[in-house]
Structure formats: structure tokens, C-alpha cells
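All remarks here apply to the structure that follows.
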Amino acid sequence: MATAQEHYEQVLADVYSWMLGGFDYGIHKNLEFFQKHEISPMGSSRAIDLGAGCGFQSIPLAQLGFSVTAIDLEQKLLNELKENSGKSTIVTIQDDLINFEQYLQGKAELIICMTDTLLHLESKDKVCSLFKKIFSSLEDRGKFIMTFRDLSQELSELDRFIPVKSDEHIIFTCFLEYEPNTVKVHDLIYKKDHNSWKLNKSFYKKLRLSKQWIDHQLEDLGFSKLESNIEHGLVTTIVTK
Ligand SMILES: C[S@@+](CC[C@H](N)C(=O)[O-])C[C@H]1O[C@@H](n2cnc3c(N)ncnc32)[C@H](O)[C@@H]1O
């Protein structure tokens, strides 16, 4: 089994922005998300993007006036972020997101961890310790935003095969194998090479976290809920300190 870092390096980084509908679409969708939730700098303007990937959130946040530090394990994705960030000065750091405090220069106004990044951590204990660090790193009234897929409900039999995306050059299918606390995510990517198809495959684990469990942990730490909803299996939670 691959670690999250190996999995992104071997299969996902090359197709990541394609898989989510293209770079421009990813930026536009997230800019709309932040505008809809009235996210704009009102304090120190320091924002930390945990698991920033190719910058789908970091770039819109910089456009909105935040000073963004983007942390990710995968250098290929951080390079894509840099190439596409235009005049915005986004600081990119290749490291485990759990170490984010080392890169903070003062408390942050906004910390985000979006699109399943949270599920890549090794255990619920790690998630709890990340939440504690986030609470103590935020300024008063600072916000924490997370989005992730609720994998707590088990799919069965053929429903575990997910057609992720395809076009004339790439066919991406995912197979989910459920375990009590985690899901083994098998990604199978066929790429056209002249007249034949080449298969690139790898699997890694994601945590099964429910919205209820997350809400409970955040409440226990003293966060106040601004929004917590689940739509088409995707949980969006916004809390403030
Ligand atoms: C699903 S992607 C989300 C990327 C971006 N937030 C977005 O919405 O497009 C998850 C990202 O988390 C990164 N990642 C996973 N585990 C990590 C860790 N422990 N520390 C830092 N980055 C991590 C991966 O490299 C990947 O870029």
C-alpha cells in the first residue's frame, strides 16, 4: 500500500486538476465558495492552506487579499500552484501539514483544510491533535474551514466501483474497499499511449470520518459553529474561535 505522498506522486498529481474539471474551473469554483461564505481578510490576513495541492483554494484566497502559506507534501502540485499563481505572493512549503505551526509568523486569521485532505491523516488521534493546533494558532474570531467526503456509510458490491472521469485519452476508475475505520482507495488510471492503453494503479487509505464526530471534536475544543452541512456526501464545516 502506498502512503498518501507516494500515491499522489505516482498516480494522482499528474491528473489532479484534470480530474476536478480543469485548472480554471477549480479556481473559479473555490472563489465562488469563499465569496458565498463571505470569507475576506478582516484581521491579520494570514491564511494557512493545509494540503494545498495545486492551489485551488490558495490562489482564490490570495486574490481576495489574504497572505497565504500553502503546505503540501507533493512538490509536483506545489510547482503547479506556483506556475499558476500569477502576481500573488503565495508561500509554498513542502512538508507534512501537521507541522504547520513551524511556518506561522503570528496567529492566523484563516486556516483551511479542504477536499478530503483531512481524510489522508493516519488516524483520528492525528485529526484531534491537528484540530488542537489549529485552535491555538488562530486569532480571536479567526475561522477554520474544512470540506471532506463522508465515507462513514459503506457502499456495497458494484457500487464500490466509481467512474471518476474519462475522456478520449484517460479513463479513471476508483474502487473502494471498506475497513472499520478506513477505506482502501484503489485508483486505476488507463492512459492512451499511441494505439494502446497503459494502466497506472495504486491504493492508499482514507479515514472514515462522520460529520457528527467532527462537529463533536470541534465543539469540545471551544470552536463555535458557523456552518456545518452535508450535500451529496460532501461535508462542509466552518467554525470560528
Ligand atoms: C484531495 S487533495 C486536496 C488539494 C486541495 N486542497 C484541493 O482542494 O484541490 C489532498 C492534498 O493533500 C496533500 N496531503 C495529504 N496528506 C498530507 C499531509 N500529511 N501533509 C501535507 N499534505 C498532505 C496531498 O498531497 C494532496 O495535495
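Simple scheme: letters A, B, ... for chains in C-alpha cells order, numbers from 1 for residues in each chain, numbers from 1 for ligands in the order shown.
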
Practice item. Would you kindly return, as a ChimeraX atom specification, each protein, DNA or RNA residue with an atom no farther than 10 Å from any atom of stretch 230-237 of chain A, considering only C-alpha atoms and excluding same-chain residues fewer than 2 positions away? Key: /A:114-116,144-153,209-211,214-215,218,225-228,239

Review point. Could you write out, as a ChimeraX atom specification, all the residues of stretch 72-240 of chain A that DSSP marks as strand (DSSP E or B)?
Key: /A:72,91-94,108-113,138-149,161-166,170-178,182-193,196-207,224-231,234-240

Point to revise | Test item: residues lying within 9 Å of ligand 1 with only C-alpha atoms and all ligand atoms, as JSON, numbers by chain | key: {"A": [3, 4, 5, 6, 7, 8, 9, 12, 13, 16, 17, 20, 26, 30, 49, 50, 51, 52, 53, 54, 55, 56, 57, 58, 71, 72, 73, 74, 75, 77, 78, 94, 95, 96, 97, 98, 99, 100, 112, 113, 114, 115, 116, 117, 118, 119, 120, 121, 122, 147, 148]}

Can those selected residues be exported to a file as a compact mmCIF listing (two decimals), in the first residue's frame so that it contains N, CA and C atoms?
# COMPACT_ATOMS: atom_id res chain seq x y z
N THR A 3 1.78 5.27 0.71
CA THR A 3 1.42 6.37 1.61
C THR A 3 0.70 7.41 0.75
N ALA A 4 0.05 8.36 1.43
CA ALA A 4 -0.65 9.41 0.67
C ALA A 4 0.34 10.12 -0.26
N GLN A 5 1.54 10.38 0.27
CA GLN A 5 2.54 11.11 -0.54
C GLN A 5 2.93 10.29 -1.78
N GLU A 6 3.17 8.98 -1.58
CA GLU A 6 3.54 8.12 -2.73
C GLU A 6 2.40 8.03 -3.74
N HIS A 7 1.18 7.95 -3.22
CA HIS A 7 0.02 7.82 -4.09
C HIS A 7 -0.13 9.04 -5.00
N TYR A 8 0.01 10.23 -4.39
CA TYR A 8 -0.08 11.45 -5.21
C TYR A 8 1.06 11.53 -6.20
N GLU A 9 2.26 11.19 -5.73
CA GLU A 9 3.44 11.23 -6.58
C GLU A 9 3.28 10.28 -7.78
N LEU A 12 -1.82 10.42 -8.73
CA LEU A 12 -2.82 11.49 -8.71
C LEU A 12 -2.34 12.86 -9.16
N ALA A 13 -1.07 13.19 -8.85
CA ALA A 13 -0.61 14.56 -9.13
C ALA A 13 -0.76 14.90 -10.62
N TYR A 16 -4.58 15.44 -11.35
CA TYR A 16 -5.42 16.05 -10.31
C TYR A 16 -6.34 17.16 -10.85
N SER A 17 -5.76 18.16 -11.53
CA SER A 17 -6.63 19.27 -11.94
C SER A 17 -7.57 18.84 -13.07
N LEU A 20 -10.64 17.19 -11.61
CA LEU A 20 -11.63 18.08 -10.99
C LEU A 20 -12.21 19.11 -11.96
N GLY A 26 -11.48 24.86 -11.28
CA GLY A 26 -11.17 24.66 -9.86
C GLY A 26 -11.01 25.99 -9.13
N ASN A 30 -13.87 27.60 -6.33
CA ASN A 30 -13.47 27.91 -4.96
C ASN A 30 -13.59 29.39 -4.64
N ASP A 49 -3.16 27.23 4.17
CA ASP A 49 -3.87 26.21 3.39
C ASP A 49 -3.19 24.86 3.63
N LEU A 50 -3.86 23.98 4.39
CA LEU A 50 -3.28 22.68 4.74
C LEU A 50 -3.65 21.65 3.67
N GLY A 51 -2.65 21.09 2.99
CA GLY A 51 -2.92 20.18 1.88
C GLY A 51 -3.39 21.00 0.69
N ALA A 52 -2.58 21.97 0.31
CA ALA A 52 -2.99 22.98 -0.68
C ALA A 52 -3.08 22.42 -2.10
N GLY A 53 -2.36 21.33 -2.36
CA GLY A 53 -2.36 20.76 -3.71
C GLY A 53 -1.90 21.78 -4.73
N CYS A 54 -2.63 21.86 -5.87
CA CYS A 54 -2.21 22.76 -6.94
C CYS A 54 -2.75 24.18 -6.76
N GLY A 55 -3.37 24.45 -5.62
CA GLY A 55 -3.71 25.85 -5.31
C GLY A 55 -5.15 26.24 -5.55
N PHE A 56 -6.05 25.27 -5.65
CA PHE A 56 -7.45 25.59 -5.94
C PHE A 56 -8.09 26.50 -4.88
N GLN A 57 -7.56 26.47 -3.66
CA GLN A 57 -8.06 27.41 -2.65
C GLN A 57 -7.05 28.53 -2.40
N SER A 58 -5.74 28.19 -2.40
CA SER A 58 -4.72 29.22 -2.10
C SER A 58 -4.81 30.39 -3.08
N ILE A 71 0.74 24.61 2.28
CA ILE A 71 1.57 23.48 2.71
C ILE A 71 1.06 22.19 2.07
N ASP A 72 1.97 21.43 1.51
CA ASP A 72 1.59 20.15 0.92
C ASP A 72 2.83 19.25 0.88
N LEU A 73 2.59 17.95 0.85
CA LEU A 73 3.72 17.00 0.76
C LEU A 73 4.21 16.85 -0.68
N GLU A 74 3.33 17.18 -1.64
CA GLU A 74 3.60 16.83 -3.03
C GLU A 74 4.17 18.03 -3.81
N GLN A 75 5.46 17.94 -4.16
CA GLN A 75 6.13 19.06 -4.81
C GLN A 75 5.58 19.34 -6.21
N LEU A 77 2.55 19.20 -7.26
CA LEU A 77 1.35 20.03 -7.15
C LEU A 77 1.70 21.44 -6.70
N LEU A 78 2.67 21.56 -5.80
CA LEU A 78 3.08 22.90 -5.36
C LEU A 78 3.72 23.66 -6.53
N GLN A 94 6.87 22.52 1.28
CA GLN A 94 6.69 21.07 1.15
C GLN A 94 6.99 20.43 2.50
N ASP A 95 5.94 20.01 3.18
CA ASP A 95 6.11 19.38 4.49
C ASP A 95 4.78 18.72 4.86
N ASP A 96 4.83 17.94 5.94
CA ASP A 96 3.60 17.37 6.48
C ASP A 96 2.80 18.50 7.11
N LEU A 97 1.51 18.53 6.82
CA LEU A 97 0.68 19.64 7.31
C LEU A 97 0.63 19.70 8.83
N ILE A 98 0.89 18.58 9.50
CA ILE A 98 0.84 18.55 10.96
C ILE A 98 1.90 19.49 11.56
N ASN A 99 2.91 19.83 10.75
CA ASN A 99 3.98 20.73 11.23
C ASN A 99 3.71 22.20 10.92
N PHE A 100 2.46 22.55 10.56
CA PHE A 100 2.21 23.89 10.02
C PHE A 100 2.61 25.03 10.96
N ILE A 112 -7.49 26.61 6.46
CA ILE A 112 -8.40 25.74 5.70
C ILE A 112 -7.74 24.38 5.47
N CYS A 113 -8.59 23.38 5.32
CA CYS A 113 -8.12 22.02 5.02
C CYS A 113 -9.23 21.40 4.19
N MET A 114 -9.10 21.52 2.85
CA MET A 114 -10.28 21.25 2.01
C MET A 114 -10.09 20.09 1.02
N THR A 115 -11.25 19.58 0.59
CA THR A 115 -11.34 18.49 -0.39
C THR A 115 -10.63 17.22 0.08
N ASP A 116 -11.08 16.68 1.20
CA ASP A 116 -10.61 15.35 1.64
C ASP A 116 -9.23 15.31 2.26
N THR A 117 -8.52 16.43 2.31
CA THR A 117 -7.15 16.37 2.85
C THR A 117 -7.13 15.75 4.25
N LEU A 118 -8.13 16.12 5.05
CA LEU A 118 -8.21 15.62 6.42
C LEU A 118 -8.22 14.08 6.47
N LEU A 119 -8.86 13.48 5.46
CA LEU A 119 -9.01 12.01 5.46
C LEU A 119 -7.69 11.30 5.18
N HIS A 120 -6.67 12.09 4.75
CA HIS A 120 -5.38 11.47 4.45
C HIS A 120 -4.53 11.27 5.70
N LEU A 121 -4.95 11.86 6.84
CA LEU A 121 -4.16 11.67 8.06
C LEU A 121 -4.28 10.21 8.51
N GLU A 122 -3.29 9.78 9.32
CA GLU A 122 -3.21 8.33 9.63
C GLU A 122 -4.28 7.85 10.60
N THR A 147 -13.55 20.76 4.23
CA THR A 147 -14.52 20.01 3.43
C THR A 147 -13.96 18.60 3.24
N PHE A 148 -14.84 17.63 3.32
CA PHE A 148 -14.40 16.24 3.11
C PHE A 148 -15.60 15.35 2.78

What's the 12 Å shell around A:Gln105, counting only C-alpha atoms, without same-chain residues fewer than 3 positions away, as a PDB file with N, CA and C atoms, in the first residue's frame?
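Listing of result_0.pdb after writing:
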ATOM      1  N   SER A  44      -5.467  39.832  10.672  1.00  0.00           N
ATOM      2  CA  SER A  44      -4.055  39.821  10.253  1.00  0.00           C
ATOM      3  C   SER A  44      -3.904  39.518   8.759  1.00  0.00           C
ATOM      4  N   SER A  45      -4.949  38.922   8.171  1.00  0.00           N
ATOM      5  CA  SER A  45      -4.989  38.453   6.770  1.00  0.00           C
ATOM      6  C   SER A  45      -4.078  37.246   6.514  1.00  0.00           C
ATOM      7  N   ARG A  46      -3.493  36.693   7.573  1.00  0.00           N
ATOM      8  CA  ARG A  46      -2.680  35.475   7.390  1.00  0.00           C
ATOM      9  C   ARG A  46      -3.602  34.271   7.198  1.00  0.00           C
ATOM     10  N   ALA A  47      -3.394  33.521   6.107  1.00  0.00           N
ATOM     11  CA  ALA A  47      -4.187  32.314   5.858  1.00  0.00           C
ATOM     12  C   ALA A  47      -3.253  31.133   5.628  1.00  0.00           C
ATOM     13  N   ILE A  48      -3.626  29.990   6.183  1.00  0.00           N
ATOM     14  CA  ILE A  48      -2.823  28.769   6.007  1.00  0.00           C
ATOM     15  C   ILE A  48      -3.686  27.753   5.273  1.00  0.00           C
ATOM     16  N   SER A  67      -2.741  36.783   2.827  1.00  0.00           N
ATOM     17  CA  SER A  67      -1.332  36.384   2.666  1.00  0.00           C
ATOM     18  C   SER A  67      -1.299  34.890   2.948  1.00  0.00           C
ATOM     19  N   VAL A  68      -1.133  34.105   1.894  1.00  0.00           N
ATOM     20  CA  VAL A  68      -1.358  32.665   2.017  1.00  0.00           C
ATOM     21  C   VAL A  68      -0.052  31.881   2.141  1.00  0.00           C
ATOM     22  N   THR A  69      -0.038  30.949   3.105  1.00  0.00           N
ATOM     23  CA  THR A  69       1.022  29.953   3.175  1.00  0.00           C
ATOM     24  C   THR A  69       0.384  28.617   2.807  1.00  0.00           C
ATOM     25  N   PHE A 100       2.465  22.547  10.562  1.00  0.00           N
ATOM     26  CA  PHE A 100       2.215  23.887  10.016  1.00  0.00           C
ATOM     27  C   PHE A 100       2.608  25.027  10.963  1.00  0.00           C
ATOM     28  N   GLU A 101       2.527  24.757  12.294  1.00  0.00           N
ATOM     29  CA  GLU A 101       2.802  25.841  13.264  1.00  0.00           C
ATOM     30  C   GLU A 101       4.212  26.419  13.090  1.00  0.00           C
ATOM     31  N   GLN A 102       5.146  25.543  12.637  1.00  0.00           N
ATOM     32  CA  GLN A 102       6.535  25.991  12.465  1.00  0.00           C
ATOM     33  C   GLN A 102       6.657  27.157  11.478  1.00  0.00           C
ATOM     34  N   ALA A 108      -3.032  33.117  12.903  1.00  0.00           N
ATOM     35  CA  ALA A 108      -3.653  33.184  11.574  1.00  0.00           C
ATOM     36  C   ALA A 108      -5.101  33.642  11.682  1.00  0.00           C
ATOM     37  N   GLU A 109      -5.549  34.294  10.613  1.00  0.00           N
ATOM     38  CA  GLU A 109      -6.958  34.701  10.566  1.00  0.00           C
ATOM     39  C   GLU A 109      -7.821  33.562  10.003  1.00  0.00           C
ATOM     40  N   SER A 137      -3.631  28.187  17.079  1.00  0.00           N
ATOM     41  CA  SER A 137      -2.916  29.030  16.095  1.00  0.00           C
ATOM     42  C   SER A 137      -3.788  30.123  15.490  1.00  0.00           C
ATOM     43  N   LEU A 138      -5.092  30.082  15.795  1.00  0.00           N
ATOM     44  CA  LEU A 138      -5.992  31.087  15.207  1.00  0.00           C
ATOM     45  C   LEU A 138      -6.101  32.305  16.113  1.00  0.00           C
ATOM     46  N   GLU A 139      -6.228  33.476  15.488  1.00  0.00           N
ATOM     47  CA  GLU A 139      -6.518  34.667  16.278  1.00  0.00           C
ATOM     48  C   GLU A 139      -7.998  34.627  16.710  1.00  0.00           C
TER      49      GLU A 139
END

Exercise for review: For each of A:Lys76, A:Leu110, A:Ser166, A:Ile93, take the minimum atom-to-atom distance to A:Gly21, counting only C-alpha atoms, then give the residue where this is smallest.
Suggested key: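 Closest to A:Gly21, using only C-alpha atoms: A:Ser166.
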
**Study point:** Which of stretch 16-228 of chain A DSSP labels helix (DSSP H, G or I), written as number ranges by chain
**Key:** A: 16-19, 23-36, 58-63, 75-84, 97-103, 117-120, 124-137, 157-160, 211-221

Check your understanding: atom CA of A:Lys206 and atom CA of A:Lys184 are how many Å apart?
Key -> 6.5 Å

Check your understanding: Any idea what's packed within 6 Å of A:Val183, counting only C-alpha atoms, ignoring anything in its chain fewer than 5 positions away? Could you give it as an MDAnalysis selection string?
Key -> chainID A and resid 177:178 205:206

Exercise for review: Tell me which protein, DNA and RNA residues are within 7 Å of A:Leu199, counting only C-alpha atoms, leaving out same-chain ones fewer than 3 positions away, and put them as a PyMOL selection string.
Suggested key: chain A and resi 188-191

**Study point:** Contact residues around A:Gln35 with only C-alpha atoms at 12 Å, ignoring same-chain residues under 3 positions, as an MDAnalysis selection string
**Key:** chainID A and resid 28:32 38:41 57 60:61 63:64

Review point. From the list A:Phe175, A:Phe203, A:Phe66, A:Phe161, which residue is nearest A:Phe34 when using only C-alpha atoms?
Key: A:Phe66
